[in-house]
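Text of structure-v4.tsv (TSV, C-alpha atoms) as supplied:
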```
chain	number	residue	atom	x	y	z
A	1	MET	CA	121.40	-44.18	-18.02
A	2	ARG	CA	123.42	-44.14	-21.23
A	3	GLY	CA	122.14	-44.18	-24.77
A	4	GLY	CA	118.60	-44.99	-23.72
A	5	GLU	CA	119.73	-47.99	-21.66
A	6	LEU	CA	119.43	-48.23	-17.88
A	7	TYR	CA	122.51	-49.64	-16.09
A	8	SER	CA	122.96	-50.80	-12.51
A	9	HIS	CA	126.41	-50.14	-11.06
A	10	PHE	CA	127.90	-52.84	-8.77
A	11	GLY	CA	131.39	-52.82	-7.23
A	12	PHE	CA	133.66	-53.38	-4.26
A	13	TYR	CA	136.78	-51.78	-2.82
A	14	THR	CA	139.93	-53.65	-1.74
A	15	PRO	CA	142.32	-51.73	0.57
A	16	ASN	CA	146.08	-52.07	-0.02
A	17	PRO	CA	147.70	-53.43	3.20
A	18	ALA	CA	151.11	-52.20	1.98
A	19	TYR	CA	149.93	-48.60	1.54
A	20	ASP	CA	152.63	-46.06	2.53
A	21	PRO	CA	151.26	-42.52	3.06
A	22	ASN	CA	154.81	-41.10	2.59
A	23	ASP	CA	155.18	-42.69	-0.85
A	24	PRO	CA	153.29	-40.70	-3.54
A	25	ASP	CA	153.25	-43.74	-5.82
A	26	SER	CA	151.71	-46.02	-3.18
A	27	LEU	CA	148.07	-47.03	-3.83
A	28	VAL	CA	145.44	-46.76	-1.09
A	29	GLY	CA	143.53	-49.64	-2.62
A	30	THR	CA	141.81	-50.85	-5.75
A	31	SER	CA	138.17	-50.74	-6.77
A	32	THR	CA	136.41	-53.22	-9.01
A	33	SER	CA	133.03	-52.55	-10.60
A	34	ILE	CA	130.72	-53.75	-13.32
A	35	ASP	CA	127.68	-52.13	-15.06
A	36	VAL	CA	124.68	-54.38	-15.61
A	37	ASP	CA	122.47	-53.39	-18.55
A	38	LEU	CA	118.86	-53.50	-17.33
A	39	GLY	CA	117.40	-52.78	-20.74
A	40	PRO	CA	116.02	-49.85	-22.72
A	41	VAL	CA	114.24	-47.03	-20.94
A	42	SER	CA	111.66	-44.69	-22.45
A	43	VAL	CA	112.03	-41.08	-21.37
A	44	PRO	CA	108.71	-39.54	-20.21
A	45	ALA	CA	107.38	-37.19	-22.86
A	46	ASN	CA	106.29	-34.52	-20.41
A	47	ASN	CA	109.80	-34.00	-19.02
A	48	GLY	CA	108.21	-32.74	-15.79
A	49	SER	CA	107.07	-29.35	-17.12
A	50	PHE	CA	103.50	-28.04	-17.18
A	51	TRP	CA	103.46	-27.59	-20.95
A	52	GLY	CA	104.98	-31.04	-21.39
A	53	TYR	CA	102.23	-32.44	-19.18
A	54	LEU	CA	99.57	-30.76	-21.33
A	55	ALA	CA	101.26	-31.90	-24.53
A	56	SER	CA	101.16	-35.51	-23.32
A	57	LYS	CA	97.35	-35.41	-22.85
A	58	PRO	CA	94.72	-36.17	-25.52
A	59	TRP	CA	93.50	-33.00	-27.24
A	60	VAL	CA	90.01	-32.47	-28.65
A	61	VAL	CA	88.68	-29.88	-31.09
A	62	SER	CA	84.88	-29.82	-31.26
A	63	TRP	CA	82.40	-27.84	-33.34
A	64	ILE	CA	78.67	-27.40	-33.86
A	65	LEU	CA	76.83	-25.66	-36.69
A	66	PRO	CA	73.41	-24.68	-35.29
A	67	VAL	CA	71.69	-24.29	-38.63
A	68	ILE	CA	68.15	-24.84	-37.32
A	69	GLY	CA	66.77	-22.93	-34.37
A	70	PRO	CA	65.79	-19.62	-32.86
A	71	VAL	CA	68.91	-17.83	-34.18
A	72	PRO	CA	70.47	-19.94	-36.96
A	73	GLY	CA	74.24	-19.83	-36.76
A	74	VAL	CA	74.31	-18.95	-33.08
A	75	VAL	CA	71.52	-20.66	-31.12
A	76	GLY	CA	70.02	-23.89	-32.40
A	77	VAL	CA	70.47	-27.49	-33.45
A	78	GLY	CA	72.67	-28.86	-36.21
A	79	PRO	CA	75.56	-31.07	-37.28
A	80	ALA	CA	78.36	-31.49	-34.78
A	81	GLY	CA	81.74	-33.11	-34.81
A	82	GLY	CA	85.22	-33.22	-33.47
A	83	VAL	CA	88.78	-34.36	-33.89
A	84	ALA	CA	90.82	-35.91	-31.09
A	85	TRP	CA	94.51	-36.80	-30.97
A	86	ASN	CA	96.09	-38.89	-28.24
A	87	PRO	CA	99.88	-38.37	-28.35
A	88	GLN	CA	100.49	-41.26	-25.93
A	89	THR	CA	98.83	-43.90	-28.11
A	90	HIS	CA	99.09	-42.04	-31.45
A	91	ASN	CA	95.34	-42.48	-31.98
A	92	LEU	CA	93.49	-40.00	-34.17
A	93	CYS	CA	89.70	-39.95	-33.86
A	94	VAL	CA	87.27	-38.08	-36.10
A	95	GLY	CA	83.60	-37.84	-35.19
A	96	ALA	CA	80.32	-36.45	-36.48
A	97	GLY	CA	76.79	-36.28	-35.17
A	98	LEU	CA	74.08	-33.95	-33.95
A	99	GLY	CA	74.36	-31.17	-31.43
A	100	ALA	CA	72.67	-28.18	-29.88
A	101	SER	CA	74.39	-24.98	-28.90
A	102	ALA	CA	73.90	-21.46	-27.65
A	103	GLY	CA	77.11	-19.84	-28.82
A	104	HIS	CA	79.96	-22.24	-28.00
A	105	ASN	CA	80.24	-23.34	-31.62
A	106	ALA	CA	83.91	-24.25	-31.41
A	107	ALA	CA	86.22	-25.27	-28.58
A	108	ILE	CA	89.62	-26.83	-28.09
A	109	GLY	CA	91.21	-28.37	-25.03
A	110	PRO	CA	93.05	-31.29	-23.43
A	111	LEU	CA	91.36	-34.17	-21.62
A	112	LEU	CA	93.09	-34.12	-18.25
A	113	THR	CA	91.28	-36.99	-16.55
A	114	SER	CA	89.31	-40.02	-17.58
A	115	SER	CA	87.57	-42.76	-15.64
A	116	GLY	CA	88.38	-45.38	-18.27
A	117	ASN	CA	90.51	-45.99	-21.34
A	118	VAL	CA	90.50	-42.62	-23.08
A	119	ASP	CA	90.80	-44.13	-26.57
A	120	SER	CA	87.70	-46.23	-25.92
A	121	ILE	CA	85.85	-43.14	-24.68
A	122	LEU	CA	86.83	-41.20	-27.80
A	123	SER	CA	85.81	-43.94	-30.22
A	124	GLY	CA	82.30	-45.00	-31.19
A	125	TRP	CA	79.18	-43.35	-29.84
A	126	SER	CA	79.58	-40.70	-27.17
A	127	VAL	CA	77.69	-37.86	-25.53
A	128	SER	CA	79.52	-34.62	-24.93
A	129	GLY	CA	78.72	-31.35	-23.27
A	130	GLY	CA	80.46	-28.21	-22.20
A	131	GLY	CA	80.43	-24.52	-21.71
A	132	ASN	CA	82.73	-21.54	-22.03
A	133	LEU	CA	82.66	-18.25	-20.16
A	134	PRO	CA	83.20	-14.94	-21.96
A	135	PHE	CA	86.47	-14.49	-20.02
A	136	PRO	CA	89.16	-13.55	-20.89
A	137	SER	CA	87.62	-13.02	-24.34
A	138	PRO	CA	84.08	-13.79	-25.65
A	139	VAL	CA	85.49	-15.58	-28.69
A	140	ALA	CA	88.17	-17.47	-26.74
A	141	GLY	CA	86.86	-17.85	-23.24
A	142	LEU	CA	87.80	-20.50	-20.73
A	143	GLY	CA	85.48	-23.41	-20.01
A	144	TRP	CA	85.12	-27.14	-19.55
A	145	GLN	CA	84.13	-30.15	-21.63
A	146	VAL	CA	83.03	-33.68	-20.79
A	147	ILE	CA	82.85	-36.68	-23.11
A	148	ALA	CA	81.12	-39.83	-21.92
A	149	ASN	CA	80.12	-43.23	-23.20
A	150	SER	CA	79.82	-46.74	-21.80
A	151	SER	CA	83.64	-46.92	-21.48
A	152	GLY	CA	83.83	-44.00	-19.05
A	153	VAL	CA	84.00	-40.24	-18.71
A	154	ALA	CA	86.81	-37.97	-19.91
A	155	GLN	CA	87.01	-34.26	-19.18
A	156	GLY	CA	89.19	-31.22	-19.28
A	157	PRO	CA	89.40	-27.46	-19.72
A	158	THR	CA	88.69	-25.74	-23.01
A	159	ALA	CA	89.14	-22.46	-24.79
A	160	GLY	CA	86.33	-21.50	-27.12
A	161	VAL	CA	83.39	-19.31	-28.02
A	162	ALA	CA	81.29	-18.24	-25.02
A	163	GLY	CA	78.13	-20.27	-24.48
A	164	LEU	CA	77.16	-23.86	-23.86
A	165	SER	CA	76.49	-26.94	-25.95
A	166	GLY	CA	75.68	-30.62	-26.02
A	167	ALA	CA	76.14	-33.22	-28.74
A	168	VAL	CA	75.81	-36.88	-29.61
A	169	THR	CA	78.52	-38.06	-32.01
A	170	TRP	CA	80.03	-41.21	-33.47
A	171	SER	CA	83.80	-41.34	-33.97
A	172	ALA	CA	86.16	-43.51	-35.94
A	173	CYS	CA	89.75	-43.86	-34.79
A	174	ALA	CA	92.99	-44.77	-36.54
A	175	HIS	CA	96.40	-45.57	-35.13
A	176	PHE	CA	99.37	-43.69	-36.60
B	1	MET	CA	78.10	-40.35	-1.92
B	2	VAL	CA	79.63	-37.45	-3.91
B	3	LEU	CA	76.30	-36.89	-5.61
B	4	VAL	CA	74.54	-36.68	-2.21
B	5	ILE	CA	77.11	-34.24	-0.81
B	6	ILE	CA	77.13	-31.99	-3.88
B	7	GLY	CA	73.33	-32.17	-4.19
B	8	SER	CA	72.96	-31.19	-0.52
B	9	LEU	CA	75.41	-28.30	-0.90
B	10	ALA	CA	73.68	-27.05	-4.05
B	11	THR	CA	70.27	-27.23	-2.33
B	12	ALA	CA	71.61	-25.40	0.73
B	13	CYS	CA	73.10	-22.66	-1.45
B	14	LEU	CA	69.85	-22.18	-3.42
B	15	LEU	CA	67.79	-22.04	-0.21
B	16	LEU	CA	70.18	-19.52	1.31
B	17	LEU	CA	70.07	-17.36	-1.83
B	18	GLN	CA	66.27	-17.33	-1.69
B	19	GLY	CA	66.35	-16.36	2.00
B	20	VAL	CA	68.74	-13.49	1.32
B	21	HIS	CA	66.63	-12.41	-1.65
B	22	ILE	CA	63.49	-12.21	0.52
B	23	VAL	CA	65.25	-10.13	3.17
B	24	ARG	CA	66.67	-7.76	0.56
B	25	ASN	CA	63.64	-7.35	-1.70
B	26	GLY	CA	60.73	-7.95	0.64
B	27	ASN	CA	58.77	-10.25	-1.65
B	28	MET	CA	58.38	-13.99	-2.18
B	29	ARG	CA	59.34	-14.05	-5.86
B	30	PRO	CA	62.08	-16.54	-6.80
B	31	PHE	CA	65.56	-15.02	-6.59
B	32	PHE	CA	66.35	-16.07	-10.14
B	33	GLU	CA	63.44	-14.19	-11.66
B	34	GLN	CA	64.79	-11.78	-14.23
B	35	PRO	CA	65.13	-8.11	-13.26
B	36	GLY	CA	62.74	-7.07	-16.03
B	37	ALA	CA	59.97	-9.23	-14.61
B	38	LEU	CA	60.39	-7.57	-11.22
B	39	ARG	CA	59.96	-4.09	-12.60
B	40	GLY	CA	57.12	-2.31	-10.87
B	41	SER	CA	56.82	-4.87	-8.10
B	42	GLN	CA	57.04	-3.35	-4.65
B	43	PRO	CA	58.08	-5.06	-1.41
B	44	SER	CA	54.87	-6.76	-0.28
B	45	LEU	CA	56.00	-8.10	3.10
B	46	SER	CA	56.33	-6.25	6.38
B	47	SER	CA	59.73	-6.49	8.08
B	48	GLY	CA	58.47	-9.16	10.54
B	49	ALA	CA	56.95	-11.27	7.78
B	50	ARG	CA	60.06	-10.72	5.67
B	51	PHE	CA	62.36	-12.24	8.31
B	52	ALA	CA	59.91	-15.03	9.09
B	53	ALA	CA	59.73	-15.98	5.41
B	54	ALA	CA	63.49	-15.69	5.00
B	55	SER	CA	64.09	-17.97	7.99
B	56	LEU	CA	61.87	-20.62	6.34
B	57	TYR	CA	64.61	-20.91	3.72
B	58	ALA	CA	67.66	-19.99	5.76
B	59	ILE	CA	67.11	-22.44	8.66
B	60	PRO	CA	66.96	-25.60	6.49
B	61	SER	CA	69.93	-24.29	4.56
B	62	VAL	CA	72.03	-23.80	7.70
B	63	ALA	CA	70.83	-27.20	8.98
B	64	ILE	CA	72.13	-28.88	5.84
B	65	PHE	CA	75.51	-27.18	6.23
B	66	CYS	CA	75.60	-28.25	9.91
B	67	ILE	CA	74.78	-31.89	9.09
B	68	LEU	CA	77.53	-31.97	6.47
B	69	MET	CA	80.05	-30.40	8.85
B	70	LEU	CA	79.11	-32.83	11.64
B	71	ALA	CA	79.47	-35.76	9.26
B	72	LEU	CA	82.87	-34.42	8.24
B	73	PHE	CA	84.19	-34.11	11.79
B	74	ARG	CA	82.76	-37.45	12.93
B	75	ASN	CA	84.43	-39.35	10.12
B	76	ASP	CA	87.98	-39.73	8.94
B	77	LYS	CA	89.00	-36.28	7.71
B	78	HIS	CA	92.30	-37.50	6.29
B	79	ARG	CA	90.52	-39.97	4.05
B	80	LEU	CA	88.30	-37.18	2.75
B	81	PHE	CA	91.21	-34.85	2.04
B	82	ASP	CA	93.12	-37.66	0.33
B	83	TRP	CA	90.10	-38.33	-1.84
B	84	LEU	CA	89.67	-34.61	-2.61
B	85	THR	CA	93.33	-34.36	-3.63
B	86	GLY	CA	92.97	-37.29	-5.99
B	87	HIS	CA	89.78	-36.03	-7.63
B	88	VAL	CA	90.31	-32.28	-7.72
B	89	ILE	CA	90.12	-32.02	-11.54
B	90	GLY	CA	86.88	-33.97	-11.75
B	91	LEU	CA	85.35	-31.94	-8.92
B	92	VAL	CA	86.29	-28.64	-10.58
B	93	GLY	CA	84.84	-29.83	-13.88
B	94	GLY	CA	81.62	-31.11	-12.34
B	95	LEU	CA	81.12	-27.93	-10.31
B	96	PHE	CA	81.77	-25.79	-13.38
B	97	LEU	CA	79.21	-27.64	-15.50
B	98	LEU	CA	76.64	-27.78	-12.68
B	99	THR	CA	76.96	-24.07	-11.95
B	100	TYR	CA	76.96	-23.06	-15.62
B	101	GLY	CA	73.93	-25.28	-16.27
B	102	LEU	CA	72.02	-23.85	-13.30
B	103	VAL	CA	72.76	-20.29	-14.42
B	104	ALA	CA	71.49	-21.14	-17.92
B	105	LEU	CA	68.43	-22.90	-16.46
B	106	LEU	CA	67.49	-20.14	-14.01
B	107	ARG	CA	68.84	-17.03	-15.74
B	108	PRO	CA	69.00	-17.68	-19.51
B	109	ASP	CA	69.23	-13.92	-20.11
B	110	VAL	CA	72.69	-13.91	-18.45
B	111	VAL	CA	73.98	-16.68	-20.73
B	112	LEU	CA	72.44	-14.97	-23.77
B	113	ARG	CA	74.27	-11.77	-22.80
B	114	TRP	CA	77.54	-13.75	-22.69
B	115	VAL	CA	76.79	-15.33	-26.06
B	116	GLY	CA	75.81	-11.94	-27.47
B	117	SER	CA	79.21	-10.55	-26.51
B	118	ALA	CA	80.80	-13.07	-28.92
B	119	TYR	CA	78.28	-12.25	-31.68
B	120	PRO	CA	77.77	-8.47	-31.51
B	121	ASP	CA	76.33	-8.39	-35.04
B	122	TYR	CA	73.44	-10.71	-34.08
B	123	ASP	CA	70.33	-9.47	-32.35
B	124	LEU	CA	69.72	-12.28	-29.91
B	125	ALA	CA	66.46	-10.70	-28.77
B	126	GLN	CA	66.87	-11.63	-25.15
B	127	ARG	CA	63.16	-11.21	-24.54
B	128	ASN	CA	62.35	-13.86	-27.16
B	129	ALA	CA	60.75	-16.71	-25.21
B	130	SER	CA	61.80	-19.47	-27.63
B	131	ILE	CA	65.50	-18.57	-27.31
B	132	GLN	CA	65.23	-18.54	-23.54
B	133	HIS	CA	63.45	-21.91	-23.50
B	134	PHE	CA	66.20	-23.31	-25.72
B	135	VAL	CA	68.94	-22.02	-23.40
B	136	ARG	CA	67.06	-23.39	-20.38
B	137	GLY	CA	66.94	-26.82	-22.03
B	138	LEU	CA	70.66	-26.72	-22.76
B	139	GLY	CA	71.29	-25.58	-19.20
B	140	ALA	CA	69.35	-28.55	-17.83
B	141	PHE	CA	71.41	-30.89	-20.03
B	142	VAL	CA	74.75	-29.36	-18.97
B	143	ALA	CA	73.75	-29.34	-15.27
B	144	ALA	CA	72.74	-33.01	-15.54
B	145	PHE	CA	76.11	-33.70	-17.16
B	146	GLY	CA	77.79	-32.01	-14.19
B	147	LEU	CA	75.91	-34.31	-11.80
B	148	PHE	CA	76.87	-37.27	-13.97
B	149	VAL	CA	80.53	-36.27	-13.57
B	150	PHE	CA	80.11	-36.39	-9.78
B	151	LYS	CA	78.49	-39.80	-10.03
B	152	SER	CA	81.41	-41.10	-12.08
B	153	LEU	CA	84.08	-39.95	-9.57
```

Could you show the structure in this file as structure tokens?
Amino acid sequence: MRGGELYSHFGFYTPNPAYDPNDPDSLVGTSTSIDVDLGPVSVPANNGSFWGYLASKPWVVSWILPVIGPVPGVVGVGPAGGVAWNPQTHNLCVGAGLGASAGHNAAIGPLLTSSGNVDSILSGWSVSGGGNLPFPSPVAGLGWQVIANSSGVAQGPTAGVAGLSGAVTWSACAHF
Amino acid sequence: MVLVIIGSLATACLLLLQGVHIVRNGNMRPFFEQPGALRGSQPSLSSGARFAAASLYAIPSVAIFCILMLALFRNDKHRLFDWLTGHVIGLVGGLFLLTYGLVALLRPDVVLRWVGSAYPDYDLAQRNASIQHFVRGLGAFVAAFGLFVFKSL
């Protein structure tokens, strides 16, 4: 590969019948080759590393403000929303809706798998749910999130406030 | 199929937990009943009755495990392991949500303690029934979401 182009190397070798091993100027043979340009090649963004793999996945930041409920601000029902960015398709989605939470008011994480087109799952109406443990830290514990609509289910790990939540949101997406 | 297998495993685990709880505590209360509610309750079963009651839960639990193991060995194991390898992330996610949801549904005080550790300045009043009902509802939703993940695999 040279300069973003993929080449195929073809060639053949012709031996010299008059080759003299005692003569340093005598040629063993000649080789002939050509390079065929097979077209441009895109280099994978993840470059094989773990962090590159994560960076190539869609990322979601979600939040809930439980303003009404048993403990306003911590446990209750209220506006919810999220922002998602898909680096592979350059789609940015912003959503808002209604959610319920016990803790778990903010979380961030990549969507590692999806059963359908992830951009379709992230756009329009969707139901989401997730939970975070208080480990390693209560305010940034590890957990999991799932986003689902009629296009499929997408899910992945999260870091966020300990607790659990569920939300129904509508998202608009734009291509950048 | 995944839903049936996971549902069977979850049922077997819950039955086994209840059997162990009866043997350890000597009463028929549910294993997920909060420690505060058990205060003052004494073991009410004799040792013979305790093991008889425990076996009512343990035997079906072991039977479920045996049926699943038999089904595993009688069918193509390689196909199963190939499938598991291809769906490991979804399985981990579904199990996490199902377990977390069941904990919130059965022991909301545990989840409230976790939440309270992130909000030390709030008095979450873990004995407040409305908060516990709310957490139970959320737990049911998250557990159902976990099962939905299995269905979608």

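In this comparison, which uses only C-alpha atoms, the residue of B:Asp121, B:Arg50, B:Arg107, B:Tyr100 approaching chain A most closely is B:Tyr100.
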
Which residues, written as a ChimeraX atom specification, have at least one atom at most 7 Å from region 63-79 of chain A, with all atoms listed in the file counted and residues fewer than 3 positions away on the same chain left out? /A:82,97-103,105-107 /B:130-131

Find the residues of chain A in contact range of chain B, meaning any atom within 8 Å when counting all atoms listed in the file, and list them as an NGL selection string. :A and (70-71 or 74-76 or 100-104 or 112-113 or 115 or 129-131 or 133-134 or 138-139 or 143-146 or 152-153 or 155-157 or 161-166)

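Of the listed residues B:Leu56, B:Leu98, B:Leu45, B:Leu72, the one whose atoms come nearest to Leu3 (chain B) is B:Leu98, with distances taken using only C-alpha atoms.
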
Shell of 12 Å around Ser46 (chain B), all atoms listed in the file, local chain residues under 2 positions omitted, as a PDB file with C-alpha atoms, in the frame of the given file:
```pdb
ATOM      1  CA  ILE B  22      63.490 -12.210   0.520  1.00  0.00           C
ATOM      2  CA  VAL B  23      65.250 -10.130   3.170  1.00  0.00           C
ATOM      3  CA  ARG B  24      66.670  -7.760   0.560  1.00  0.00           C
ATOM      4  CA  ASN B  25      63.640  -7.350  -1.700  1.00  0.00           C
ATOM      5  CA  GLY B  26      60.730  -7.950   0.640  1.00  0.00           C
ATOM      6  CA  ASN B  27      58.770 -10.250  -1.650  1.00  0.00           C
ATOM      7  CA  MET B  28      58.380 -13.990  -2.180  1.00  0.00           C
ATOM      8  CA  GLN B  42      57.040  -3.350  -4.650  1.00  0.00           C
ATOM      9  CA  PRO B  43      58.080  -5.060  -1.410  1.00  0.00           C
ATOM     10  CA  SER B  44      54.870  -6.760  -0.280  1.00  0.00           C
ATOM     11  CA  GLY B  48      58.470  -9.160  10.540  1.00  0.00           C
ATOM     12  CA  ALA B  49      56.950 -11.270   7.780  1.00  0.00           C
ATOM     13  CA  ARG B  50      60.060 -10.720   5.670  1.00  0.00           C
ATOM     14  CA  PHE B  51      62.360 -12.240   8.310  1.00  0.00           C
ATOM     15  CA  ALA B  52      59.910 -15.030   9.090  1.00  0.00           C
ATOM     16  CA  ALA B  53      59.730 -15.980   5.410  1.00  0.00           C
ATOM     17  CA  ALA B  54      63.490 -15.690   5.000  1.00  0.00           C
TER      18      ALA B  54
END
```

For Ile59 (chain B), which residue among B:Val20, B:Leu105, B:Val4, B:Pro120 is the nearest when counting only C-alpha atoms?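 Once distances to Ile59 (chain B) are computed over only C-alpha atoms, the minimum belongs to B:Val20.
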
Non-local contacts of region 7-15 of chain B (7 Å; all atoms listed in the file; under 2 positions in same chain excluded) as a PyMOL selection string: chain B and resi 3-5+17-19+57-58+61+64-65

Just want the 6 Å neighbourhood of region 50-58 of chain A, counted on all atoms listed in the file, with same-chain residues fewer than 4 positions away dropped. Output as a list in words. Asn46, Trp85, Asn86, Pro87, Pro110 and Leu111 of chain A
